[in-house]
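Next comes final_25.pdb, with PDB, C-alpha atoms, pLDDT in the B column.
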ATOM      1  CA  MET A 102       0.000   0.000   0.000  1.00 46.00           C
ATOM      2  CA  THR A 103       1.316   3.449  -0.898  1.00 50.00           C
ATOM      3  CA  ASP A 104       2.262   5.536   2.117  1.00 58.00           C
ATOM      4  CA  GLN A 105      -0.178   8.431   2.700  1.00 58.00           C
ATOM      5  CA  LYS A 106       2.696  10.843   3.235  1.00 56.00           C
ATOM      6  CA  ASP A 107       4.118   9.907  -0.170  1.00 59.00           C
ATOM      7  CA  ASP A 108       0.686  10.497  -1.700  1.00 62.00           C
ATOM      8  CA  ALA A 109       0.577  13.976  -0.174  1.00 56.00           C
ATOM      9  CA  PHE A 110       3.959  14.884  -1.624  1.00 56.00           C
ATOM     10  CA  ALA A 111       2.905  13.482  -4.996  1.00 59.00           C
ATOM     11  CA  ASP A 112      -0.159  15.739  -4.933  1.00 60.00           C
ATOM     12  CA  LEU A 113       2.066  18.694  -4.102  1.00 53.00           C
ATOM     13  CA  ARG A 114       4.381  17.920  -7.004  1.00 56.00           C
ATOM     14  CA  ARG A 115       1.420  17.804  -9.358  1.00 58.00           C
ATOM     15  CA  THR A 116       0.404  21.304  -8.238  1.00 62.00           C
ATOM     16  CA  ASP A 117       2.055  23.934 -10.393  1.00 65.00           C
ATOM     17  CA  LEU A 118       3.400  26.594  -8.016  1.00 67.00           C
ATOM     18  CA  ASP A 119       5.973  28.107 -10.331  1.00 69.00           C
ATOM     19  CA  ASP A 120       4.039  31.325 -10.859  1.00 72.00           C
ATOM     20  CA  VAL A 121       2.707  31.708  -7.320  1.00 75.00           C
ATOM     21  CA  ASP A 122       4.219  34.302  -5.007  1.00 75.00           C
ATOM     22  CA  GLU A 123       5.727  32.330  -2.113  1.00 73.00           C
ATOM     23  CA  LYS A 124       4.344  34.673   0.560  1.00 73.00           C
ATOM     24  CA  TYR A 125       0.758  33.851  -0.418  1.00 72.00           C
ATOM     25  CA  LEU A 126       1.293  30.182   0.419  1.00 73.00           C
ATOM     26  CA  HIS A 127       1.693  31.000   4.098  1.00 74.00           C
ATOM     27  CA  ILE A 128      -1.069  33.484   4.868  1.00 78.00           C
ATOM     28  CA  ASP A 129      -4.816  33.202   5.365  1.00 82.00           C
ATOM     29  CA  PRO A 130      -6.408  35.432   2.713  1.00 82.00           C
ATOM     30  CA  LEU A 131      -9.823  35.354   4.404  1.00 83.00           C
ATOM     31  CA  ARG A 132      -8.674  36.068   7.938  1.00 81.00           C
ATOM     32  CA  ASP A 133      -9.656  39.727   8.068  1.00 84.00           C
ATOM     33  CA  SER A 134     -13.106  39.229   6.573  1.00 85.00           C
ATOM     34  CA  TYR A 135     -13.894  36.389   8.981  1.00 83.00           C
ATOM     35  CA  ARG A 136     -12.642  38.401  11.939  1.00 81.00           C
ATOM     36  CA  GLU A 137     -14.898  41.307  11.037  1.00 80.00           C
ATOM     37  CA  ALA A 138     -18.003  39.252  10.237  1.00 79.00           C
ATOM     38  CA  VAL A 139     -17.799  36.343  12.686  1.00 77.00           C
ATOM     39  CA  ILE A 140     -15.008  36.547  15.229  1.00 76.00           C
ATOM     40  CA  GLU A 141     -14.529  40.070  16.576  1.00 79.00           C
ATOM     41  CA  THR A 142     -17.911  41.772  16.410  1.00 81.00           C
ATOM     42  CA  PRO A 143     -19.579  44.511  18.466  1.00 85.00           C
ATOM     43  CA  GLU A 144     -22.272  41.967  19.357  1.00 85.00           C
ATOM     44  CA  GLN A 145     -19.733  39.740  21.058  1.00 83.00           C
ATOM     45  CA  LYS A 146     -18.545  42.604  23.242  1.00 83.00           C
ATOM     46  CA  GLN A 147     -22.147  43.458  24.016  1.00 86.00           C
ATOM     47  CA  ALA A 148     -22.839  39.852  25.065  1.00 86.00           C
ATOM     48  CA  LEU A 149     -19.999  40.115  27.554  1.00 82.00           C
ATOM     49  CA  GLN A 150     -21.288  43.386  28.962  1.00 82.00           C
ATOM     50  CA  LEU A 151     -24.773  41.918  29.364  1.00 83.00           C
ATOM     51  CA  HIS A 152     -23.486  38.724  31.032  1.00 86.00           C
ATOM     52  CA  ARG A 153     -24.793  36.648  28.136  1.00 94.00           C
ATOM     53  CA  VAL A 154     -21.731  34.423  28.307  1.00 97.00           C
ATOM     54  CA  ALA A 155     -20.836  31.019  29.707  1.00 98.00           C
ATOM     55  CA  LEU A 156     -17.744  28.945  30.359  1.00 98.00           C
ATOM     56  CA  LEU A 157     -18.166  25.548  28.683  1.00 98.00           C
ATOM     57  CA  VAL A 158     -15.947  22.864  30.252  1.00 98.00           C
ATOM     58  CA  ILE A 159     -15.679  19.786  28.041  1.00 98.00           C
ATOM     59  CA  ASP A 160     -15.328  16.231  29.413  1.00 98.00           C
ATOM     60  CA  LEU A 161     -12.877  16.681  32.287  1.00 98.00           C
ATOM     61  CA  GLN A 162     -13.834  13.357  33.821  1.00 98.00           C
ATOM     62  CA  TYR A 163     -12.288  10.051  34.824  1.00 98.00           C
ATOM     63  CA  LEU A 164     -13.215   8.370  31.532  1.00 97.00           C
ATOM     64  CA  ASP A 165     -10.723  10.311  29.432  1.00 96.00           C
ATOM     65  CA  ALA A 166      -8.691  12.552  31.721  1.00 97.00           C
ATOM     66  CA  ALA A 167      -7.421  10.367  34.567  1.00 96.00           C
ATOM     67  CA  GLN A 168      -4.628   7.837  34.700  1.00 94.00           C
ATOM     68  CA  GLY A 169      -5.755   4.345  35.652  1.00 94.00           C
ATOM     69  CA  TYR A 170      -9.375   4.841  34.622  1.00 95.00           C
ATOM     70  CA  GLY A 171     -11.542   4.546  31.522  1.00 94.00           C
ATOM     71  CA  VAL A 172      -9.561   5.002  28.327  1.00 93.00           C
ATOM     72  CA  PHE A 173      -6.327   4.848  30.324  1.00 94.00           C
ATOM     73  CA  ASP A 174      -7.289   1.961  32.604  1.00 92.00           C
ATOM     74  CA  ASP A 175      -4.418  -0.069  31.141  1.00 87.00           C
ATOM     75  CA  SER A 176      -1.695   2.145  29.753  1.00 80.00           C
ATOM     76  CA  ASN A 177      -0.388  -0.685  27.584  1.00 79.00           C
ATOM     77  CA  THR A 178      -3.694  -1.400  25.819  1.00 77.00           C
ATOM     78  CA  SER A 179      -5.159   2.115  25.555  1.00 77.00           C
ATOM     79  CA  GLY A 180      -3.995   2.541  21.970  1.00 82.00           C
ATOM     80  CA  VAL A 181      -2.114   5.704  22.989  1.00 86.00           C
ATOM     81  CA  PRO A 182       1.703   5.340  23.134  1.00 89.00           C
ATOM     82  CA  ILE A 183       3.210   5.711  26.595  1.00 92.00           C
ATOM     83  CA  GLU A 184       5.092   8.840  25.525  1.00 93.00           C
ATOM     84  CA  ALA A 185       1.882  10.478  24.318  1.00 93.00           C
ATOM     85  CA  GLN A 186       0.167   9.574  27.584  1.00 94.00           C
ATOM     86  CA  GLU A 187       2.999  11.128  29.561  1.00 95.00           C
ATOM     87  CA  TYR A 188       2.716  14.333  27.537  1.00 96.00           C
ATOM     88  CA  TYR A 189      -1.066  14.427  27.853  1.00 97.00           C
ATOM     89  CA  PHE A 190      -1.169  13.993  31.617  1.00 97.00           C
ATOM     90  CA  LYS A 191       1.696  16.407  32.225  1.00 97.00           C
ATOM     91  CA  ARG A 192      -0.158  19.051  30.225  1.00 98.00           C
ATOM     92  CA  LEU A 193      -3.372  18.295  32.095  1.00 98.00           C
ATOM     93  CA  ASP A 194      -1.794  18.346  35.541  1.00 97.00           C
ATOM     94  CA  HIS A 195       0.557  21.300  35.119  1.00 98.00           C
ATOM     95  CA  VAL A 196      -1.259  23.532  32.623  1.00 98.00           C
ATOM     96  CA  VAL A 197      -4.867  22.703  31.808  1.00 98.00           C
ATOM     97  CA  LEU A 198      -6.416  21.805  35.158  1.00 98.00           C
ATOM     98  CA  PRO A 199      -4.897  24.798  37.009  1.00 98.00           C
ATOM     99  CA  ASN A 200      -6.057  27.095  34.206  1.00 98.00           C
ATOM    100  CA  VAL A 201      -9.565  25.647  34.081  1.00 98.00           C
ATOM    101  CA  ARG A 202      -9.840  26.108  37.833  1.00 98.00           C
ATOM    102  CA  LYS A 203      -8.666  29.699  37.486  1.00 98.00           C
ATOM    103  CA  LEU A 204     -11.309  30.283  34.826  1.00 98.00           C
ATOM    104  CA  GLN A 205     -13.992  28.685  36.985  1.00 98.00           C
ATOM    105  CA  ASP A 206     -13.039  30.815  39.973  1.00 98.00           C
ATOM    106  CA  THR A 207     -13.210  33.962  37.856  1.00 97.00           C
ATOM    107  CA  PHE A 208     -16.582  33.106  36.327  1.00 97.00           C
ATOM    108  CA  ARG A 209     -17.942  32.172  39.764  1.00 98.00           C
ATOM    109  CA  ASP A 210     -16.709  35.427  41.284  1.00 97.00           C
ATOM    110  CA  LEU A 211     -18.610  37.349  38.611  1.00 95.00           C
ATOM    111  CA  LYS A 212     -21.680  35.077  38.866  1.00 96.00           C
ATOM    112  CA  LEU A 213     -21.360  33.999  35.242  1.00 97.00           C
ATOM    113  CA  GLU A 214     -22.656  30.655  34.024  1.00 98.00           C
ATOM    114  CA  ILE A 215     -20.432  27.568  33.969  1.00 98.00           C
ATOM    115  CA  ILE A 216     -21.642  24.541  32.020  1.00 98.00           C
ATOM    116  CA  HIS A 217     -19.989  21.136  32.351  1.00 98.00           C
ATOM    117  CA  THR A 218     -20.302  18.425  29.721  1.00 98.00           C
ATOM    118  CA  ARG A 219     -19.368  14.798  30.208  1.00 98.00           C
ATOM    119  CA  ILE A 220     -19.659  11.508  28.406  1.00 98.00           C
ATOM    120  CA  GLN A 221     -22.344   9.506  30.207  1.00 98.00           C
ATOM    121  CA  SER A 222     -24.942   7.062  28.967  1.00 97.00           C
ATOM    122  CA  LEU A 223     -28.580   7.057  29.983  1.00 97.00           C
ATOM    123  CA  THR A 224     -28.431   3.315  30.660  1.00 98.00           C
ATOM    124  CA  ARG A 225     -26.144   1.085  32.687  1.00 97.00           C
ATOM    125  CA  ASP A 226     -25.314  -1.089  29.679  1.00 97.00           C
ATOM    126  CA  GLY A 227     -24.873   1.875  27.344  1.00 97.00           C
ATOM    127  CA  ARG A 228     -27.337   0.705  24.724  1.00 97.00           C
ATOM    128  CA  ASP A 229     -28.342   4.336  24.128  1.00 96.00           C
ATOM    129  CA  ARG A 230     -24.821   5.382  23.184  1.00 95.00           C
ATOM    130  CA  SER A 231     -24.012   6.820  19.782  1.00 95.00           C
ATOM    131  CA  VAL A 232     -22.869   4.366  17.157  1.00 96.00           C
ATOM    132  CA  GLY A 233     -19.481   6.051  17.161  1.00 94.00           C
ATOM    133  CA  HIS A 234     -18.979   5.533  20.885  1.00 95.00           C
ATOM    134  CA  LYS A 235     -20.071   1.907  20.593  1.00 95.00           C
ATOM    135  CA  ARG A 236     -17.469   1.355  17.892  1.00 95.00           C
ATOM    136  CA  LEU A 237     -14.803   2.999  20.033  1.00 92.00           C
ATOM    137  CA  GLY A 238     -15.867   1.149  23.170  1.00 92.00           C
ATOM    138  CA  LEU A 239     -16.439   4.398  25.051  1.00 94.00           C
ATOM    139  CA  HIS A 240     -18.860   3.992  27.931  1.00 96.00           C
ATOM    140  CA  ALA A 241     -19.465   5.823  31.193  1.00 97.00           C
ATOM    141  CA  ALA A 242     -22.500   4.464  32.990  1.00 98.00           C
ATOM    142  CA  PRO A 243     -24.580   6.641  35.321  1.00 97.00           C
ATOM    143  CA  GLY A 244     -22.950   6.693  38.748  1.00 97.00           C
ATOM    144  CA  SER A 245     -19.722   5.107  37.519  1.00 97.00           C
ATOM    145  CA  LYS A 246     -16.235   6.355  38.335  1.00 97.00           C
ATOM    146  CA  GLU A 247     -15.705   6.999  34.621  1.00 97.00           C
ATOM    147  CA  ALA A 248     -18.610   9.466  34.624  1.00 98.00           C
ATOM    148  CA  GLU A 249     -17.255  11.323  37.651  1.00 98.00           C
ATOM    149  CA  PHE A 250     -15.735  14.759  37.114  1.00 98.00           C
ATOM    150  CA  LEU A 251     -12.149  15.381  38.139  1.00 98.00           C
ATOM    151  CA  ARG A 252     -12.159  16.738  41.667  1.00 97.00           C
ATOM    152  CA  GLU A 253     -10.079  19.831  40.849  1.00 97.00           C
ATOM    153  CA  VAL A 254     -12.587  21.155  38.318  1.00 98.00           C
ATOM    154  CA  ALA A 255     -15.856  19.513  39.366  1.00 98.00           C
ATOM    155  CA  PRO A 256     -19.164  21.399  39.228  1.00 98.00           C
ATOM    156  CA  LYS A 257     -20.229  23.414  42.239  1.00 98.00           C
ATOM    157  CA  GLY A 258     -23.651  24.408  43.474  1.00 97.00           C
ATOM    158  CA  ASP A 259     -26.286  24.804  40.791  1.00 96.00           C
ATOM    159  CA  GLU A 260     -23.949  24.720  37.776  1.00 98.00           C
ATOM    160  CA  LEU A 261     -25.350  22.935  34.745  1.00 98.00           C
ATOM    161  CA  ILE A 262     -24.237  19.418  33.805  1.00 98.00           C
ATOM    162  CA  ILE A 263     -24.996  18.094  30.334  1.00 98.00           C
ATOM    163  CA  ASN A 264     -24.463  14.423  29.517  1.00 98.00           C
ATOM    164  CA  LYS A 265     -23.642  13.250  26.004  1.00 97.00           C
ATOM    165  CA  THR A 266     -22.540  10.166  24.086  1.00 96.00           C
ATOM    166  CA  ALA A 267     -20.951  11.822  21.060  1.00 94.00           C
ATOM    167  CA  SER A 268     -18.115  14.238  20.385  1.00 94.00           C
ATOM    168  CA  GLY A 269     -20.383  17.187  19.668  1.00 95.00           C
ATOM    169  CA  VAL A 270     -22.547  18.357  22.534  1.00 97.00           C
ATOM    170  CA  PHE A 271     -24.707  20.340  20.102  1.00 97.00           C
ATOM    171  CA  ASN A 272     -25.388  17.270  17.979  1.00 93.00           C
ATOM    172  CA  ALA A 273     -26.181  14.950  20.870  1.00 94.00           C
ATOM    173  CA  THR A 274     -28.026  17.088  23.439  1.00 97.00           C
ATOM    174  CA  ASN A 275     -30.472  19.958  23.892  1.00 97.00           C
ATOM    175  CA  ILE A 276     -27.716  22.406  24.868  1.00 98.00           C
ATOM    176  CA  GLU A 277     -28.734  24.929  22.212  1.00 98.00           C
ATOM    177  CA  TYR A 278     -32.264  25.035  23.631  1.00 98.00           C
ATOM    178  CA  ILE A 279     -30.827  25.536  27.115  1.00 98.00           C
ATOM    179  CA  LEU A 280     -28.481  28.328  26.025  1.00 98.00           C
ATOM    180  CA  ARG A 281     -31.260  30.153  24.184  1.00 97.00           C
ATOM    181  CA  ASN A 282     -33.479  29.885  27.265  1.00 98.00           C
ATOM    182  CA  MET A 283     -30.744  31.518  29.357  1.00 97.00           C
ATOM    183  CA  ASN A 284     -30.045  34.229  26.740  1.00 97.00           C
ATOM    184  CA  ILE A 285     -26.454  33.073  26.332  1.00 97.00           C
ATOM    185  CA  ASP A 286     -24.897  33.743  22.958  1.00 94.00           C
ATOM    186  CA  SER A 287     -21.161  33.754  23.725  1.00 96.00           C
ATOM    187  CA  LEU A 288     -19.184  30.683  24.831  1.00 97.00           C
ATOM    188  CA  TYR A 289     -15.689  30.324  26.266  1.00 98.00           C
ATOM    189  CA  VAL A 290     -14.619  26.736  25.600  1.00 98.00           C
ATOM    190  CA  CYS A 291     -12.030  24.571  27.349  1.00 98.00           C
ATOM    191  CA  GLY A 292     -11.413  20.892  28.101  1.00 98.00           C
ATOM    192  CA  VAL A 293     -10.469  17.708  26.220  1.00 98.00           C
ATOM    193  CA  TYR A 294      -9.655  16.518  23.614  1.00 98.00           C
ATOM    194  CA  THR A 295      -8.737  19.646  21.646  1.00 98.00           C
ATOM    195  CA  ASN A 296      -8.987  17.931  18.262  1.00 97.00           C
ATOM    196  CA  GLU A 297     -12.138  15.945  19.023  1.00 97.00           C
ATOM    197  CA  CYS A 298     -14.913  17.026  21.406  1.00 97.00           C
ATOM    198  CA  VAL A 299     -13.585  20.566  21.859  1.00 98.00           C
ATOM    199  CA  SER A 300     -13.120  21.210  18.152  1.00 98.00           C
ATOM    200  CA  THR A 301     -16.513  19.754  17.233  1.00 97.00           C
ATOM    201  CA  THR A 302     -18.219  21.862  19.881  1.00 98.00           C
ATOM    202  CA  VAL A 303     -16.522  25.070  18.751  1.00 98.00           C
ATOM    203  CA  ARG A 304     -17.427  24.499  15.111  1.00 97.00           C
ATOM    204  CA  ASP A 305     -21.021  23.546  15.866  1.00 98.00           C
ATOM    205  CA  ALA A 306     -21.476  26.513  18.199  1.00 97.00           C
ATOM    206  CA  CYS A 307     -20.197  28.922  15.569  1.00 95.00           C
ATOM    207  CA  ASP A 308     -22.431  27.395  12.900  1.00 96.00           C
ATOM    208  CA  ARG A 309     -25.410  28.016  15.183  1.00 96.00           C
ATOM    209  CA  GLY A 310     -24.527  31.681  15.599  1.00 94.00           C
ATOM    210  CA  PHE A 311     -22.810  31.624  18.993  1.00 96.00           C
ATOM    211  CA  TYR A 312     -19.701  33.741  19.506  1.00 95.00           C
ATOM    212  CA  THR A 313     -16.961  31.340  20.516  1.00 96.00           C
ATOM    213  CA  THR A 314     -13.621  31.703  22.249  1.00 97.00           C
ATOM    214  CA  LEU A 315     -11.266  28.742  22.441  1.00 98.00           C
ATOM    215  CA  ILE A 316      -9.002  28.973  25.480  1.00 98.00           C
ATOM    216  CA  ASN A 317      -5.722  27.638  24.150  1.00 98.00           C
ATOM    217  CA  ASP A 318      -3.924  26.825  27.395  1.00 98.00           C
ATOM    218  CA  ALA A 319      -7.022  25.270  28.974  1.00 98.00           C
ATOM    219  CA  CYS A 320      -7.324  22.480  26.399  1.00 98.00           C
ATOM    220  CA  ALA A 321      -5.353  19.301  25.792  1.00 98.00           C
ATOM    221  CA  THR A 322      -5.043  16.288  23.545  1.00 97.00           C
ATOM    222  CA  VAL A 323      -2.554  13.456  23.202  1.00 96.00           C
ATOM    223  CA  THR A 324       0.065  15.239  21.075  1.00 96.00           C
ATOM    224  CA  PRO A 325       1.104  18.876  20.711  1.00 97.00           C
ATOM    225  CA  GLU A 326       0.867  18.509  16.917  1.00 97.00           C
ATOM    226  CA  LEU A 327      -2.838  17.607  17.075  1.00 97.00           C
ATOM    227  CA  HIS A 328      -3.508  20.429  19.540  1.00 98.00           C
ATOM    228  CA  ASN A 329      -1.676  23.066  17.527  1.00 97.00           C
ATOM    229  CA  ALA A 330      -3.178  21.951  14.205  1.00 96.00           C
ATOM    230  CA  THR A 331      -6.680  22.215  15.660  1.00 97.00           C
ATOM    231  CA  VAL A 332      -6.062  25.650  17.122  1.00 97.00           C
ATOM    232  CA  SER A 333      -4.663  26.867  13.798  1.00 95.00           C
ATOM    233  CA  THR A 334      -7.687  25.525  11.938  1.00 94.00           C
ATOM    234  CA  VAL A 335     -10.410  27.068  14.097  1.00 95.00           C
ATOM    235  CA  ARG A 336      -8.622  30.367  14.766  1.00 94.00           C
ATOM    236  CA  ASP A 337     -10.246  33.278  12.935  1.00 91.00           C
ATOM    237  CA  ARG A 338     -12.731  30.944  11.226  1.00 92.00           C
ATOM    238  CA  TYR A 339     -14.885  29.473  13.951  1.00 94.00           C
ATOM    239  CA  SER A 340     -13.444  31.061  17.081  1.00 95.00           C
ATOM    240  CA  ARG A 341     -11.233  33.577  18.734  1.00 95.00           C
ATOM    241  CA  VAL A 342      -8.259  31.970  20.446  1.00 97.00           C
ATOM    242  CA  LEU A 343      -7.187  33.452  23.782  1.00 97.00           C
ATOM    243  CA  THR A 344      -5.180  32.393  26.815  1.00 98.00           C
ATOM    244  CA  THR A 345      -6.590  31.881  30.297  1.00 98.00           C
ATOM    245  CA  ASP A 346      -5.100  35.143  31.519  1.00 98.00           C
ATOM    246  CA  GLU A 347      -6.549  37.049  28.571  1.00 97.00           C
ATOM    247  CA  VAL A 348     -10.006  35.628  29.203  1.00 97.00           C
ATOM    248  CA  CYS A 349      -9.915  36.374  32.921  1.00 97.00           C
ATOM    249  CA  LYS A 350      -8.764  39.922  32.244  1.00 96.00           C
ATOM    250  CA  GLU A 351     -11.461  40.409  29.610  1.00 95.00           C
ATOM    251  CA  ILE A 352     -14.392  39.286  31.721  1.00 95.00           C
ATOM    252  CA  ARG A 353     -13.171  41.058  34.863  1.00 93.00           C
ATOM    253  CA  GLN A 354     -12.791  44.268  32.872  1.00 91.00           C
ATOM    254  CA  ALA A 355     -16.338  43.857  31.576  1.00 87.00           C
ATOM    255  CA  GLY A 356     -17.507  43.490  35.176  1.00 77.00           C
ATOM    256  CA  LYS A 357     -15.833  46.745  36.137  1.00 75.00           C
ATOM    257  CA  ASN A 358     -17.494  48.571  33.251  1.00 71.00           C
ATOM    258  CA  GLU A 359     -21.044  47.786  34.360  1.00 63.00           C
TER     259      GLU A 359
END
Rendering of file as structure tokens:
Amino acid sequence: MTDQKDDAFADLRRTDLDDVDEKYLHIDPLRDSYREAVIETPEQKQALQLHRVALLVIDLQYLDAAQGYGVFDDSNTSGVPIEAQEYYFKRLDHVVLPNVRKLQDTFRDLKLEIIHTRIQSLTRDGRDRSVGHKRLGLHAAPGSKEAEFLREVAPKGDELIINKTASGVFNATNIEYILRNMNIDSLYVCGVYTNECVSTTVRDACDRGFYTTLINDACATVTPELHNATVSTVRDRYSRVLTTDEVCKEIRQAGKNE
């Protein structure tokens, strides 16, 4: 079988680039128009001023974000190389979880909504799961350890919890209905995996007209290449991309301007 990488280079060789200015191969020609129309709009700033925003925390649970449980119950049979697991959990422990907690504390201080999603079936045997999750063998039964949120970033008080059995929370739940009921039209998104559930959620939210902000240093996946490629793809198309500190500064500043 021909190697996919070789196929990609063959495609590149078949593309005539002789008359193309090199600088135009490394820029996004639609960036400015998308920023103006979708990403950085007066309506997004207004949503922040009116508290029509929420922090959306994606799948920080034992199923997929804890060593020795769920996907990583057996590090040798998880399908993820040991080195990738080491990277993933170091990023979670030292970067993502502290940043998510900082975000949660800031949103709670300002009495802004925090919504937690998790993978959890309706049934003990998981017969209601999506076909995709059945194929992958992903299952977190109600009340199971796998369905439990990580202690550091678990919901508090009356914060919303939305259960799903697919990558995209918008495709698999009534979250859009809930957000519309609460007059929320701007979402700050963090969690795992960057290139799967987080990316799908950001894209779907944008397609439905929500203003989205991906929090770069509050997301993780199993390799830095997958994380960075996802961030590059959604940036200035489907979402703003900010850091935790930038988000905290932004929403605190909006609180002061009330």
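Atom CA of Asn200 of chain A is positioned 19.6 Å from atom CA of Glu249 of chain A.
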The distance between atom CA of Ala248 of chain A and atom CA of Ala166 of chain A is 10.8 Å
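What the PyMOL selection byres ((chain A and resi 288) around 8) matches in the given file is Val154, Ala155, Leu156, Leu157, Ile285, Asp286, Ser287, Tyr289, Val290, Phe311, Tyr312, Thr313 and Thr314 of chain A.
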Write out as a compact mmCIF listing (two decimals) with C-alpha atoms, keeping the file's coordinate frame each polymer residue whose atoms come within 12 Å of segment 124-129 of chain A, counting all atoms listed in the file; drop sequence neighbours fewer than 4 positions from it.
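Result written to around12.txt:
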# COMPACT_ATOMS: atom_id res chain seq x y z
CA LEU A 118 3.40 26.59 -8.02
CA ASP A 119 5.97 28.11 -10.33
CA ASP A 120 4.04 31.32 -10.86
CA ASP A 133 -9.66 39.73 8.07
CA SER A 134 -13.11 39.23 6.57
CA TYR A 135 -13.89 36.39 8.98
CA ARG A 136 -12.64 38.40 11.94
CA SER A 333 -4.66 26.87 13.80
CA THR A 334 -7.69 25.52 11.94
CA ARG A 336 -8.62 30.37 14.77
CA ASP A 337 -10.25 33.28 12.94
CA ARG A 338 -12.73 30.94 11.23
Residues near Arg219 of chain A, cut-off 7 Å, only C-alpha atoms, skip fewer than 3 positions along chain, as a compact mmCIF listing (two decimals) with C-alpha atoms, in the coordinates of the input:
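Everything below was put into around.txt:
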# COMPACT_ATOMS: atom_id res chain seq x y z
CA ILE A 159 -15.68 19.79 28.04
CA ASP A 160 -15.33 16.23 29.41
CA GLN A 162 -13.83 13.36 33.82
CA ALA A 248 -18.61 9.47 34.62
CA ILE A 263 -25.00 18.09 30.33
CA ASN A 264 -24.46 14.42 29.52
CA LYS A 265 -23.64 13.25 26.00
Show me the residues around (-31.7, 34.0, 32.3) - criterion: an atom at most 12 Å away, only C-alpha atoms counted - as JSON, numbers by chain.
{"A": [151, 152, 153, 154, 155, 213, 214, 279, 280, 281, 282, 283, 284, 285, 286]}
Produce a file of the selected residues containing C-alpha atoms, as an mmCIF file, in the frame of the given file.
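Output file out-v5.cif follows:
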data_model
loop_
_atom_site.group_PDB
_atom_site.id
_atom_site.type_symbol
_atom_site.label_atom_id
_atom_site.label_comp_id
_atom_site.auth_asym_id
_atom_site.auth_seq_id
_atom_site.Cartn_x
_atom_site.Cartn_y
_atom_site.Cartn_z
ATOM 1 C CA LEU A 151 -24.773 41.918 29.364
ATOM 2 C CA HIS A 152 -23.486 38.724 31.032
ATOM 3 C CA ARG A 153 -24.793 36.648 28.136
ATOM 4 C CA VAL A 154 -21.731 34.423 28.307
ATOM 5 C CA ALA A 155 -20.836 31.019 29.707
ATOM 6 C CA LEU A 213 -21.360 33.999 35.242
ATOM 7 C CA GLU A 214 -22.656 30.655 34.024
ATOM 8 C CA ILE A 279 -30.827 25.536 27.115
ATOM 9 C CA LEU A 280 -28.481 28.328 26.025
ATOM 10 C CA ARG A 281 -31.260 30.153 24.184
ATOM 11 C CA ASN A 282 -33.479 29.885 27.265
ATOM 12 C CA MET A 283 -30.744 31.518 29.357
ATOM 13 C CA ASN A 284 -30.045 34.229 26.740
ATOM 14 C CA ILE A 285 -26.454 33.073 26.332
ATOM 15 C CA ASP A 286 -24.897 33.743 22.958
#
Counting only C-alpha atoms, which residue out of A:Phe208, A:Asp122, A:Ile183, A:Leu161 sits closest to Glu351 of chain A?
A:Phe208
Which is closest to Phe250 of chain A among A:Val197, A:Cys298, A:Leu164, A:Leu343, if we use only C-alpha atoms?
A:Leu164
Nearest to Cys320 of chain A: which of A:Leu193, A:Leu261, A:Leu237, A:Val254 is it, counting only C-alpha atoms?
A:Leu193
Result set of the PyMOL selection byres ((chain A and resi 211) around 10) on the coordinates above, as a PDB file with C-alpha atoms, in the coordinates of the input:
ATOM      1  CA  HIS A 152     -23.486  38.724  31.032  1.00 86.00           C
ATOM      2  CA  GLN A 205     -13.992  28.685  36.985  1.00 98.00           C
ATOM      3  CA  ASP A 206     -13.039  30.815  39.973  1.00 98.00           C
ATOM      4  CA  THR A 207     -13.210  33.962  37.856  1.00 97.00           C
ATOM      5  CA  PHE A 208     -16.582  33.106  36.327  1.00 97.00           C
ATOM      6  CA  ARG A 209     -17.942  32.172  39.764  1.00 98.00           C
ATOM      7  CA  ASP A 210     -16.709  35.427  41.284  1.00 97.00           C
ATOM      8  CA  LYS A 212     -21.680  35.077  38.866  1.00 96.00           C
ATOM      9  CA  LEU A 213     -21.360  33.999  35.242  1.00 97.00           C
ATOM     10  CA  GLU A 214     -22.656  30.655  34.024  1.00 98.00           C
ATOM     11  CA  ILE A 352     -14.392  39.286  31.721  1.00 95.00           C
ATOM     12  CA  ARG A 353     -13.171  41.058  34.863  1.00 93.00           C
ATOM     13  CA  ALA A 355     -16.338  43.857  31.576  1.00 87.00           C
ATOM     14  CA  GLY A 356     -17.507  43.490  35.176  1.00 77.00           C
TER      15      GLY A 356
END
May I have the protein, DNA and RNA residues with an atom at most 12 Å from (-6.8, 21.6, 14.4), counting only C-alpha atoms in the file's coordinates, returned as a PyMOL selection string?
chain A and resi 294-301+303-304+315+317+321-322+324-336+338-340
